[in-house]
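Chemist: Here you go, model.cif (mmCIF, C-alpha atoms):
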```
data_protein
loop_
_atom_site.label_atom_id
_atom_site.label_comp_id
_atom_site.auth_asym_id
_atom_site.auth_seq_id
_atom_site.Cartn_x
_atom_site.Cartn_y
_atom_site.Cartn_z
CA MET A 119 19.11 -22.84 2.78
CA ASN A 120 21.64 -25.36 1.48
CA GLY A 121 19.74 -25.60 -1.80
CA VAL A 122 19.72 -21.83 -2.18
CA TRP A 123 23.44 -21.58 -1.41
CA GLN A 124 24.32 -24.35 -3.86
CA PHE A 125 22.09 -22.78 -6.48
CA TRP A 126 23.90 -19.48 -5.96
CA GLN A 127 27.32 -21.12 -6.21
CA HIS A 128 26.49 -23.12 -9.33
CA GLY A 129 24.41 -20.44 -11.04
CA ASP A 130 25.50 -17.91 -13.63
CA GLY A 131 24.88 -14.17 -13.79
CA VAL A 132 21.25 -14.54 -14.85
CA THR A 133 20.27 -16.87 -12.03
CA ARG A 134 22.03 -14.71 -9.49
CA ALA A 135 20.32 -11.59 -10.84
CA VAL A 136 16.94 -13.33 -10.48
CA ALA A 137 17.77 -14.31 -6.91
CA VAL A 138 18.81 -10.75 -6.04
CA LEU A 139 15.66 -9.36 -7.66
CA LEU A 140 13.46 -11.70 -5.63
CA LEU A 141 15.31 -10.70 -2.48
CA LEU A 142 14.79 -7.00 -3.19
CA MET A 143 11.11 -7.59 -3.93
CA SER A 144 10.71 -9.52 -0.69
CA VAL A 145 12.42 -6.80 1.37
CA SER A 146 10.33 -4.03 -0.20
CA ALA A 147 7.11 -6.00 0.32
CA TRP A 148 7.83 -6.73 3.98
CA VAL A 149 8.84 -3.12 4.66
CA LEU A 150 5.51 -1.98 3.19
CA ILE A 151 3.61 -4.66 5.08
CA PHE A 152 4.97 -3.57 8.46
CA TRP A 153 4.70 0.15 7.69
CA LYS A 154 1.19 0.06 6.23
CA GLY A 155 -0.04 -2.28 8.96
CA TRP A 156 1.18 0.21 11.57
CA LEU A 157 -0.17 3.22 9.65
CA LEU A 158 -3.64 1.83 8.99
CA ALA A 159 -3.99 0.64 12.58
CA ARG A 160 -3.27 4.20 13.77
CA VAL A 161 -5.62 5.74 11.21
CA ARG A 162 -8.51 3.47 12.14
CA THR A 163 -7.95 4.21 15.83
CA ASP A 164 -7.68 7.95 15.14
CA ILE A 165 -10.93 8.05 13.16
CA GLY A 166 -12.76 6.07 15.82
CA ARG A 167 -11.70 8.53 18.53
CA ALA A 168 -11.43 11.84 16.67
CA VAL A 169 -14.81 11.95 14.94
CA PRO A 170 -16.94 11.48 18.12
CA ALA A 171 -14.67 13.95 19.96
CA PHE A 172 -15.14 16.54 17.22
CA TRP A 173 -18.93 16.33 17.16
CA SER A 174 -19.15 16.43 20.94
CA ALA A 175 -17.24 19.74 21.06
CA ALA A 176 -19.07 22.90 22.09
CA SER A 177 -17.73 24.98 19.20
CA LEU A 178 -15.86 24.66 15.95
CA GLY A 179 -12.66 25.93 17.53
CA VAL A 180 -12.83 23.37 20.32
CA GLY A 181 -13.70 20.69 17.78
CA ARG A 182 -10.63 21.59 15.75
CA ASP A 183 -8.46 21.25 18.85
CA GLN A 184 -10.05 17.89 19.65
CA LEU A 185 -9.39 16.73 16.11
CA ALA A 186 -5.75 17.81 16.30
CA THR A 187 -5.35 15.82 19.51
CA PHE A 188 -6.53 12.51 18.09
CA ASP A 189 -5.77 12.84 14.37
CA ARG A 190 -2.13 11.73 14.52
CA GLU A 191 -1.81 10.84 10.83
CA GLY A 192 -3.58 13.92 9.52
CA THR A 193 -6.42 12.18 7.71
CA LEU A 194 -9.32 14.21 9.14
CA ALA A 195 -7.80 17.68 9.49
CA PRO A 196 -7.58 18.25 5.69
CA LEU A 197 -11.31 17.63 5.42
CA LEU A 198 -12.10 20.16 8.14
CA ASP A 199 -9.72 22.69 6.56
CA ALA A 200 -11.40 22.21 3.19
CA ALA A 201 -14.88 22.61 4.68
CA THR A 202 -14.03 25.86 6.50
CA ALA A 203 -11.79 27.41 3.83
CA THR A 204 -12.77 30.70 2.21
CA PRO A 205 -12.14 30.97 -1.54
CA PRO A 206 -10.10 33.99 -2.72
CA ALA A 207 -12.25 36.89 -3.81
CA GLY A 208 -12.57 37.48 -7.52
CA THR A 209 -12.00 33.83 -8.48
CA LEU A 210 -14.34 31.48 -10.30
CA GLU A 211 -14.54 29.37 -7.18
CA ALA A 212 -15.89 32.32 -5.18
CA HIS A 213 -18.69 32.86 -7.73
CA GLY A 214 -20.04 29.30 -7.37
CA LEU A 215 -22.77 28.16 -5.06
CA ILE A 216 -21.73 27.47 -1.48
CA GLU A 217 -22.74 23.83 -1.81
CA SER A 218 -20.74 23.42 -5.01
CA GLN A 219 -17.67 25.03 -3.47
CA LEU A 220 -17.87 22.73 -0.46
CA THR A 221 -18.34 19.64 -2.59
CA ARG A 222 -15.32 20.41 -4.76
CA ARG A 223 -12.99 21.25 -1.86
CA LEU A 224 -14.04 18.25 0.20
CA ARG A 225 -13.74 15.94 -2.82
CA ASP A 226 -10.21 17.14 -3.55
CA ALA A 227 -9.17 16.84 0.10
CA LEU A 228 -10.65 13.35 0.31
CA HIS A 229 -8.76 12.25 -2.78
CA ARG A 230 -5.47 13.48 -1.30
CA VAL A 231 -6.07 11.64 1.96
CA LEU A 232 -7.01 8.42 0.16
CA ALA A 233 -3.89 8.69 -2.00
CA GLN A 234 -1.88 8.82 1.23
CA LEU A 235 -3.61 5.70 2.56
CA GLN A 236 -3.26 3.81 -0.73
CA PHE A 237 0.48 4.48 -1.04
CA GLY A 238 2.36 1.20 -1.54
CA GLN A 239 -0.63 -0.81 -2.75
CA VAL A 240 0.69 -0.79 -6.33
CA VAL A 241 4.03 -2.18 -5.15
CA LEU A 242 2.35 -4.99 -3.21
CA ALA A 243 0.13 -5.83 -6.19
CA SER A 244 3.12 -5.82 -8.56
CA VAL A 245 5.21 -8.04 -6.28
CA GLY A 246 2.34 -10.44 -5.75
CA SER A 247 1.60 -10.79 -9.46
CA THR A 248 5.14 -10.94 -10.86
CA ALA A 249 7.24 -12.76 -8.23
CA PRO A 250 5.95 -16.27 -9.12
CA PHE A 251 6.81 -15.75 -12.79
CA ILE A 252 10.24 -14.35 -11.96
CA GLY A 253 10.89 -17.39 -9.78
CA LEU A 254 9.65 -19.67 -12.56
CA PHE A 255 11.98 -17.97 -15.01
CA GLY A 256 14.84 -18.56 -12.59
CA THR A 257 13.91 -22.23 -12.39
CA VAL A 258 13.73 -22.65 -16.17
CA TRP A 259 17.02 -20.86 -16.67
CA GLY A 260 18.66 -22.87 -13.89
CA ILE A 261 17.48 -26.17 -15.39
CA TYR A 262 18.73 -25.08 -18.81
CA HIS A 263 22.08 -24.09 -17.34
CA ALA A 264 22.34 -27.37 -15.38
CA LEU A 265 21.46 -29.55 -18.36
CA GLY A 266 23.95 -27.66 -20.49
CA SER A 267 26.71 -28.38 -17.96
CA ILE A 268 25.73 -32.05 -17.84
CA ALA A 269 25.76 -32.29 -21.63
CA ILE A 270 29.25 -30.85 -21.74
CA SER A 271 30.47 -33.44 -19.23
CA GLY A 272 29.23 -36.19 -21.54
CA THR A 273 27.77 -38.40 -18.81
CA ILE A 274 24.12 -38.28 -17.77
CA THR A 275 23.01 -40.02 -14.60
CA ILE A 276 20.08 -39.55 -12.25
CA ASP A 277 22.35 -38.11 -9.59
CA LYS A 278 23.77 -35.48 -11.93
CA VAL A 279 20.33 -34.48 -13.18
CA SER A 280 18.30 -34.53 -9.96
CA GLY A 281 20.71 -32.37 -7.98
CA PRO A 282 20.86 -29.33 -10.31
CA VAL A 283 17.17 -29.59 -11.21
CA GLY A 284 16.20 -29.74 -7.54
CA GLU A 285 18.32 -26.69 -6.81
CA ALA A 286 16.72 -24.83 -9.70
CA LEU A 287 13.24 -25.58 -8.38
CA VAL A 288 14.15 -23.62 -5.27
CA MET A 289 13.64 -20.45 -7.33
CA THR A 290 9.98 -21.32 -7.93
CA ALA A 291 9.48 -21.82 -4.21
CA ALA A 292 11.27 -18.52 -3.56
CA GLY A 293 8.98 -16.73 -6.00
CA LEU A 294 5.90 -18.09 -4.24
CA ALA A 295 7.34 -17.21 -0.83
CA VAL A 296 7.76 -13.61 -1.99
CA ALA A 297 4.35 -13.37 -3.69
CA ILE A 298 2.02 -14.93 -1.11
CA PRO A 299 2.61 -12.42 1.75
CA ALA A 300 2.34 -9.53 -0.70
CA VAL A 301 -1.00 -10.75 -2.07
CA LEU A 302 -2.44 -11.40 1.38
CA ALA A 303 -1.30 -8.00 2.62
CA TYR A 304 -2.73 -6.27 -0.45
CA ASN A 305 -6.14 -7.82 0.15
CA VAL A 306 -6.16 -7.09 3.89
CA PHE A 307 -5.00 -3.50 3.44
CA GLY A 308 -7.49 -2.95 0.63
CA LYS A 309 -10.33 -3.92 2.95
CA GLN A 310 -9.01 -1.67 5.72
CA ILE A 311 -8.58 1.27 3.34
CA GLY A 312 -12.13 0.76 2.11
CA SER A 313 -13.40 0.91 5.68
CA CYS A 314 -11.43 4.11 6.33
CA GLU A 315 -12.71 5.58 3.07
CA ALA A 316 -16.32 4.99 4.12
CA ASP A 317 -15.71 6.71 7.47
CA LEU A 318 -13.94 9.64 5.82
CA GLU A 319 -16.71 10.07 3.27
CA GLY A 320 -19.26 10.09 6.09
CA PHE A 321 -17.29 12.72 7.99
CA ALA A 322 -16.93 14.84 4.83
CA HIS A 323 -20.67 14.60 4.17
CA ASP A 324 -21.51 15.68 7.72
CA LEU A 325 -19.08 18.60 7.48
CA ARG A 326 -20.68 19.70 4.25
CA GLU A 327 -24.13 19.64 5.80
CA MET A 328 -22.96 21.55 8.86
CA VAL A 329 -21.20 24.30 6.88
CA SER A 330 -24.06 24.55 4.39
CA ASP A 331 -26.61 24.98 7.19
CA THR A 332 -24.40 27.58 8.88
CA ALA A 333 -24.06 29.55 5.63
CA VAL A 334 -27.82 29.46 5.02
CA SER A 335 -28.56 30.60 8.58
CA ALA A 336 -26.07 33.46 8.24
#
```
Written as structure tokens, that's how I'd like the structure from this file.
Modeler:
Amino acid sequence: MNGVWQFWQHGDGVTRAVAVLLLLMSVSAWVLIFWKGWLLARVRTDIGRAVPAFWSAASLGVGRDQLATFDREGTLAPLLDAATATPPAGTLEAHGLIESQLTRRLRDALHRVLAQLQFGQVVLASVGSTAPFIGLFGTVWGIYHALGSIAISGTITIDKVSGPVGEALVMTAAGLAVAIPAVLAYNVFGKQIGSCEADLEGFAHDLREMVSDTAVSA
């Protein structure tokens, strides 16, 4: 902390702007990490409880109620709504085959749900890939600024060089400290989203088969 404070005191506008930018990136990354960790944990729990409860229901109406009870984040309900929706009469959608209508509606609903789950992944990826280079830029600029000040003073000693350079290197460490949690979270969340996607695709497929069979029987 002393190195960061000294770097802030001795730095110019550019170095301070880099430090503020890294701070903002760190805050945004950690907010997303906590929020997405909480959200995905709920979604995975909801899917694990809601899907068996839905298929164990005696009727579609009871199954819908069961789904509403467990689907707290609304990831399964859009799929059921899409599967049971009736296209407006006189539209191109209504003239298509039942299977084609179901496939299109379920695909669109699945894409919307996945977009909800993937929200924030771009920010984590951007922070993880750019923070080290921003920190490195801050280090290079800080060393340049420190050496310029030493040159103006006219005396160069190890003490005068090592102090400012060491303080400037703090920015590289700060960049890595911002990037590493973001990269780890991006990878972990990506795996969890992939698992949820597989479960949602399976549920959508089963809904399509159920509605298709019902339509054929009718």
Chemist: Using the chain letters and numbers from this file, what does the PyMOL selection byres ((chain A and resi 241-244) around 10) select? Give the answer as a CSV table (one decimal) with C-alpha atoms, in the frame of the given file.
Modeler:
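Final output, selection_7.csv:
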```csv
chain,number,residue,atom,x,y,z
A,143,MET,CA,11.1,-7.6,-3.9
A,144,SER,CA,10.7,-9.5,-0.7
A,146,SER,CA,10.3,-4.0,-0.2
A,147,ALA,CA,7.1,-6.0,0.3
A,148,TRP,CA,7.8,-6.7,4.0
A,150,LEU,CA,5.5,-2.0,3.2
A,151,ILE,CA,3.6,-4.7,5.1
A,237,PHE,CA,0.5,4.5,-1.0
A,238,GLY,CA,2.4,1.2,-1.5
A,239,GLN,CA,-0.6,-0.8,-2.8
A,240,VAL,CA,0.7,-0.8,-6.3
A,245,VAL,CA,5.2,-8.0,-6.3
A,246,GLY,CA,2.3,-10.4,-5.8
A,247,SER,CA,1.6,-10.8,-9.5
A,248,THR,CA,5.1,-10.9,-10.9
A,249,ALA,CA,7.2,-12.8,-8.2
A,297,ALA,CA,4.4,-13.4,-3.7
A,299,PRO,CA,2.6,-12.4,1.8
A,300,ALA,CA,2.3,-9.5,-0.7
A,301,VAL,CA,-1.0,-10.8,-2.1
A,302,LEU,CA,-2.4,-11.4,1.4
A,303,ALA,CA,-1.3,-8.0,2.6
A,304,TYR,CA,-2.7,-6.3,-0.4
A,305,ASN,CA,-6.1,-7.8,0.2
```
Chemist: When the PyMOL selection byres ((chain A and resi 293) around 12) is applied to the structure above, which residues does it catch, written out as an MDAnalysis selection string?
Modeler: chainID A and resid 136:144 245:257 286:292 294:300
Chemist: Find the distance between atom CA of Gly166 of chain A and atom CA of Leu228 of chain A and write it in Å to one decimal.
Modeler: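 One can read the atom CA of Gly166 of chain A to atom CA of Leu228 of chain A distance as 17.3 Å.
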Chemist: Please determine, counting all atoms listed in the file, which residue among A:Ala322, A:Leu158, A:Ala168, A:Val145 has the shortest atom-to-atom distance to Arg223 of chain A.
Modeler: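 When distances to Arg223 of chain A are compared using all atoms listed in the file, the smallest one comes from A:Ala322.
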Chemist: Name the closest residue to Arg326 of chain A among the candidates A:Thr133, A:Ala264, A:Ser218, A:Ser313; distances are taken between atoms, counting all atoms listed in the file.
Modeler: A:Ser218
Chemist: For a quick check of understanding, using only C-alpha atoms, which of A:Val283, A:Met328, A:Trp259, A:Leu178 has the smallest distance to Glu217 of chain A?
Modeler: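 Smallest distance to Glu217 of chain A is found for A:Met328.
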Chemist: Please measure the separation of atom CA of Lys154 of chain A and atom CA of Ala171 of chain A, giving the value in Å to one decimal.
Modeler: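 Spanning atom CA of Lys154 of chain A to atom CA of Ala171 of chain A is a straight-line distance of 25.2 Å.
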Chemist: Between atom CA of Arg190 of chain A and atom CA of Asp164 of chain A, what is the distance in Å, rounded to a tenth?
Modeler: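 According to the coordinates, atom CA of Arg190 of chain A and atom CA of Asp164 of chain A are separated by 6.7 Å.
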Chemist: I need the residue nearest Ile165 of chain A from this list: A:Val132, A:Ala186, A:Leu224, A:Val149. Use all atoms listed in the file for the distance.
Modeler: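 The shortest atom-to-atom distance to Ile165 of chain A comes from A:Ala186.
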Chemist: Could you spell out the hits of the PyMOL selection byres ((chain A and resi 310) around 12) on the shown file, as a list in words?
Modeler: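 Those residues are Lys154, Gly155, Trp156, Leu157, Leu158, Ala159, Arg160, Val161, Arg162, Thr163, Leu232, Leu235, Gln236, Gln239, Ala303, Tyr304, Asn305, Val306, Phe307, Gly308, Lys309, Ile311, Gly312, Ser313, Cys314, Glu315, Ala316 and Asp317 of chain A.
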Chemist: May I have the protein, DNA and RNA residues with an atom at most 9 Å from (-8.5, 16.8, 17.9), counting all atoms listed in the file in the file's coordinates, returned as a ChimeraX atom specification?
Modeler: /A:167-169,171-172,180-190,195
Chemist: Counting only C-alpha atoms, which residue out of A:Val231, A:Gly179, A:Phe152, A:Trp173 sits closest to Leu318 of chain A?
Modeler: A:Val231
Chemist: To test the calculation: enclose all listed atoms of segment 228-243 of chain A in a box whose edges run along x, y and z, add 4 Å on each side, then state centre and edge lengths in Å to one decimal, as AutoDock Vina command-line options.
Modeler:
```
--center_x -3.3 --center_y 3.8 --center_z -1.9 --size_x 22.7 --size_y 27.3 --size_z 16.9
```
